[in-house]
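First the structure, in the form of structure tokens, and then the observations on it.
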Amino acid sequence: MLLIAVFLVSFSTLAFEVLLTRVFSIGQWNHLSFMVISIALFGFAASGTFLSILDARKRGWEIVFSSRSCLASVIVLYTATGLFAFITLNYIPLDYFRLPLEPIQSVYLLLAYVFLALPFFFSGLIISLAYALVPQKTGFVYFASMAGSACGAVLPALGIPSLGEEKLIMVSVLLPLILIPGFSIIRNAQVGGVGQKLSMNTPVFVLVSLVIIGFASFLMTTRGFFIIKVDPSPYKALSQVLQFPDTRIDRTVAGIRGRTQSVQTPYIRFAPGLSLKFTDSLPPQLATFRDGDHQFVLYQLASTDDSRFARHTLSFAGYHLVQDPNKVLVIENGGGLAIPCAIASGSRNITIVVKNPQLIPLIQTHYKLPAMGHNPRSFLARTNEQFDIIHLEDWGASIPGADALNQEHLFTKNAFFEYLQHLSLKGVIIVSRRLLLPPSDTIRMWAQAYEGLTLFNVADPSKHLAMLRNWDTYTLIVSSTPLTETRALQQFASDLNFDLVFLPDIDREMVNKYNIFEAPYHFFEINRLAEAYKKGAEKHYFQTYLLDVKPQADSRPFPGRFLKWPKLKTLYESMGSRLYALLMSGEVVVAVIFIEALAVAVVLLVIPIMVFLRANRKPTILQGIYFFGVGAGFMFIELFFIKQYILIFGDPVISLTVVLSAILVFSSLGGLWIQLDKIKMPRNSLIALIALLLTTLIWIEWVVGQLLKFSGTLQYIAAFLFLLPVGFLMGLPFPLGMRYLLQNPTQRAYAWSVNGCASVLASIGSAQIALSFGLPYLMGCAFIAYVSALLCVLKR
């Protein structure tokens with residue numbers, strides 16, 4: 001029965017964690033989700049610390065905690081606190097953007113930490129009890145825990161489309177309660193098989209469970225759903241649009257990729273980069289939002305004249321370089337303006353690739369054009385088509401800095417190289433984005449296109465690039481042939497009052513004429529960079545510039561990340577010495593969380609060793625390092641593959657689901673093999689795992705490139721099976737250490753706490769490591785962690 005409890009609680013907890021992440025991404029910003037849930041996961045580690053301290057305070061605790069009554073109580077407490085945390089968090093007025101301004105927000109944040117940590121504490125308590133009390137079945141416990149977690153990773157993908165996030169959270173936390181009636185069947189010894197029998201008042205537990213189930217069922221009905229309904233943050237675009245009169249949501253589609261909502265309103269006026277010289281009315285628009293943000297607009301184009309407005313936008317500049325384009329590829333990742341631009345060009349063959357498959361029926365019905373819900377990089381890897389124009393649209397988050405942690409492979413230098421391979425001889429790439437000050441995104445995008453052209457063996461990349469701007473947007477144009485004739489672009493800019501930023505042989509008198517800044521900042525910096533490239537001094541430019549604008553490759557794809565830690569003080573002063581402005585960056589949030597997490601880890605690990613644990617039962621330093629290395633290494637590998645697979649699937653949630661389910665399934669098989677094959681030491685498994693990590697690091701780029709070429713189900717199956725060897729070996733060190741390196745329940749409980757703390761610290765630290773150094777460094781950290789564990793085994 002204990003193994004079944006471990007399976008169901010693990011199943012429920014991981015589903016709860018993934019669903020909470022989804023709910024937070026709707027209701028708040030991603031880095032607030034990262035902050036709260038990361039700290040809350042310390043509840044797992046706290047359960048091990050609790051048992052370790054209990055050993056010093058109460059002899060014979062194993063007898064009480066191995067009883068059916070205790071296990072039933074913990075399960076009921078897990079469910080109750082899970083429901084309580086979710087409902088309460090929906091009503092705590094926690095506002096991330098007010099944290100630096102209102103002290104009360106710190107209290108709200110602390111309450112969020114505590115409330116969310118409680119269900120994780122009780123679920124971790126069941127698992128740590130299993131490890132502590134039945135060491136002879138460690139392999140089975142590990143198998144049950146990992147297999148249950150694998151099921152929990154898949155549940156959101158299967159359940160959200162039919163139930164939605166809120167109702168599925170209710171179902172997931174109720175799941176372990178199905179064990180309560182089963183305990184009455186066990187009339188004999190304790191669930192854990194330790195100590196004396198303790199009676200269990202089954203009717204009381206069944207009654208309490210029925211009350212909880214009844215309450216949760218009411219919340220899922222039409223009358224009670226308002227209590228658990230999650231609304232988007234008031235700062236998100238959807239919340240702002242809904243404040244207008246005669247505005248309503250008329251369609252909601254929920255899925256693992258996000259919640260897409262269509263809005264009917266007469267007040268949508270979305271045309272970024274529209275010239276002020278356009279005086280006609282815009283066509284009516286239908287807006288959709290994903291997770292309350294990431295607006296995508298559908299234009300009512302009843303006739304060809306309705307698309308005429310698109311000719312007056314900055315994004316249309318590139319179409320003036322290709323007369324009568326035959327084939328146009330539109331890559332949509334939010335916005336919607338690129339489609340009217342393609343239609344206005346008169347192209348006879350328009351292909352639309354959208355990262356969000358939920359938009360496909362809307363686009364096909366609305367525009368009567370072929371649209372595909374694919375990862376654009378995967379689509380290009382599988383096709384040999386050549387296009388006259390490749391138009392990319394991704395305006396980013398509605399608040400600059402909110403997407404600093406987001407991983408995106410559409411604009412890396414590798415991506416530009418791939419786009420160039422699919423251009424016709426007269427083809428151009430068009431990229432339109434928000435204009436930022438100080439210059440940042442413009443510099444990096446220009447540099448990434450420059451280095452993409454260099455990979456394409458272009459002799460002088462600067463002659464293939466052009467950039468224009470207005471007051472809040474810019475457009476980058478990349479041509480497959482040198483831009484020897486730019487009069488059409490200059491005339492387009494002059495007619496519509498757009499400013500030139502970069503052209504071959506541009507001069508100072510041609511810029512900052514219409515949308516006037518104090519100085520032509522973007523012109524100065526991009527031309528400085530162009531000169532640096534000609535002199536081979538681009539590294540010096542990137543090192544000395546205020547922000548991190550170095551061009552990014554697929555190994556470090558974070559287009560919203562610009563922070564340089566050595567220049568943090570200078571940046572802070574340049575932004576008016578406002579702490580609020582710095583906290584807009586997700587990277588600063590990661591640093592704050594890591595400091596908080598380190599403090600919590602010290603409390604959970606160091607203080608019990610120094611104060612509470614009995615000397616004859618304390619774990620050794622080598623044992624602590626071993627389990628810390630195993631926990632950190634496991635998390636680093638998971639996150640390495642999750643981030644690598646984002647390039648394959650084009651979506652972090654799909655990548656998370658595939659990688660988590662695969663690694664957890666194969667790790668569980670490792671635990672089962674230990675139990676059945678009677679392996680007695682982790683040394684050989686660690687050596688094999690370390691060797692495999694090195695091999696994977698060498699070949700991963702080639703493997704991902706091959707997986708990109710697969711389509712549909714075959715891609716998912718191949719990506720899943722690729723993780724079999726590493727997942728299986730990752731499943732060996734922890735249960736082997738639990739079974740053969742530890743001598744008593746206290747040490748096993750403490751090892752669980754160490755492993756939990758290491759996992760949380762590694763998950764937070766990996767975000768900063770990936771941002772600053774790149775994805776391969778995560779595998780390097782995993783290598784160091786597992787080598788440390790191996791050295792502890794050899795020393796012992």
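Chain lettering (A, B, ...) mirrors the order of the structure tokens, residue numbering begins at 1 for each chain separately, and ligand numbering begins at 1 in order of display.
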
Problem - Close residues, Thr252 in chain A itself excluded, 10 Å, only C-alpha atoms, min 3 positions apart in chain, as a PyMOL selection string - result: chain A and resi 249+255+259-263+288-290

Exercise for the section: Taking the DSSP assignment computed from this structure's backbone, write out as an NGL selection string all residues of range 167-319 of chain A that belong to helix (DSSP H, G or I). Expected result: :A and (167-183 or 202-219 or 225-228 or 237-241 or 304-312 or 314-319)

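Between Leu453 in chain A and the candidates A:Val602, A:Leu420, A:Asn744, A:Leu468, the tightest atom-to-atom separation, counting only C-alpha atoms, involves A:Leu420.
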
Exercise for the section: Would you work out the distance separating CA of Ala688 in chain A from CA of Ala718 in chain A, expressed in Å to one decimal? Expected result: 22.3 Å

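Between CA of Val600 in chain A and CA of Ala72 in chain A lies a distance of 28.6 Å.
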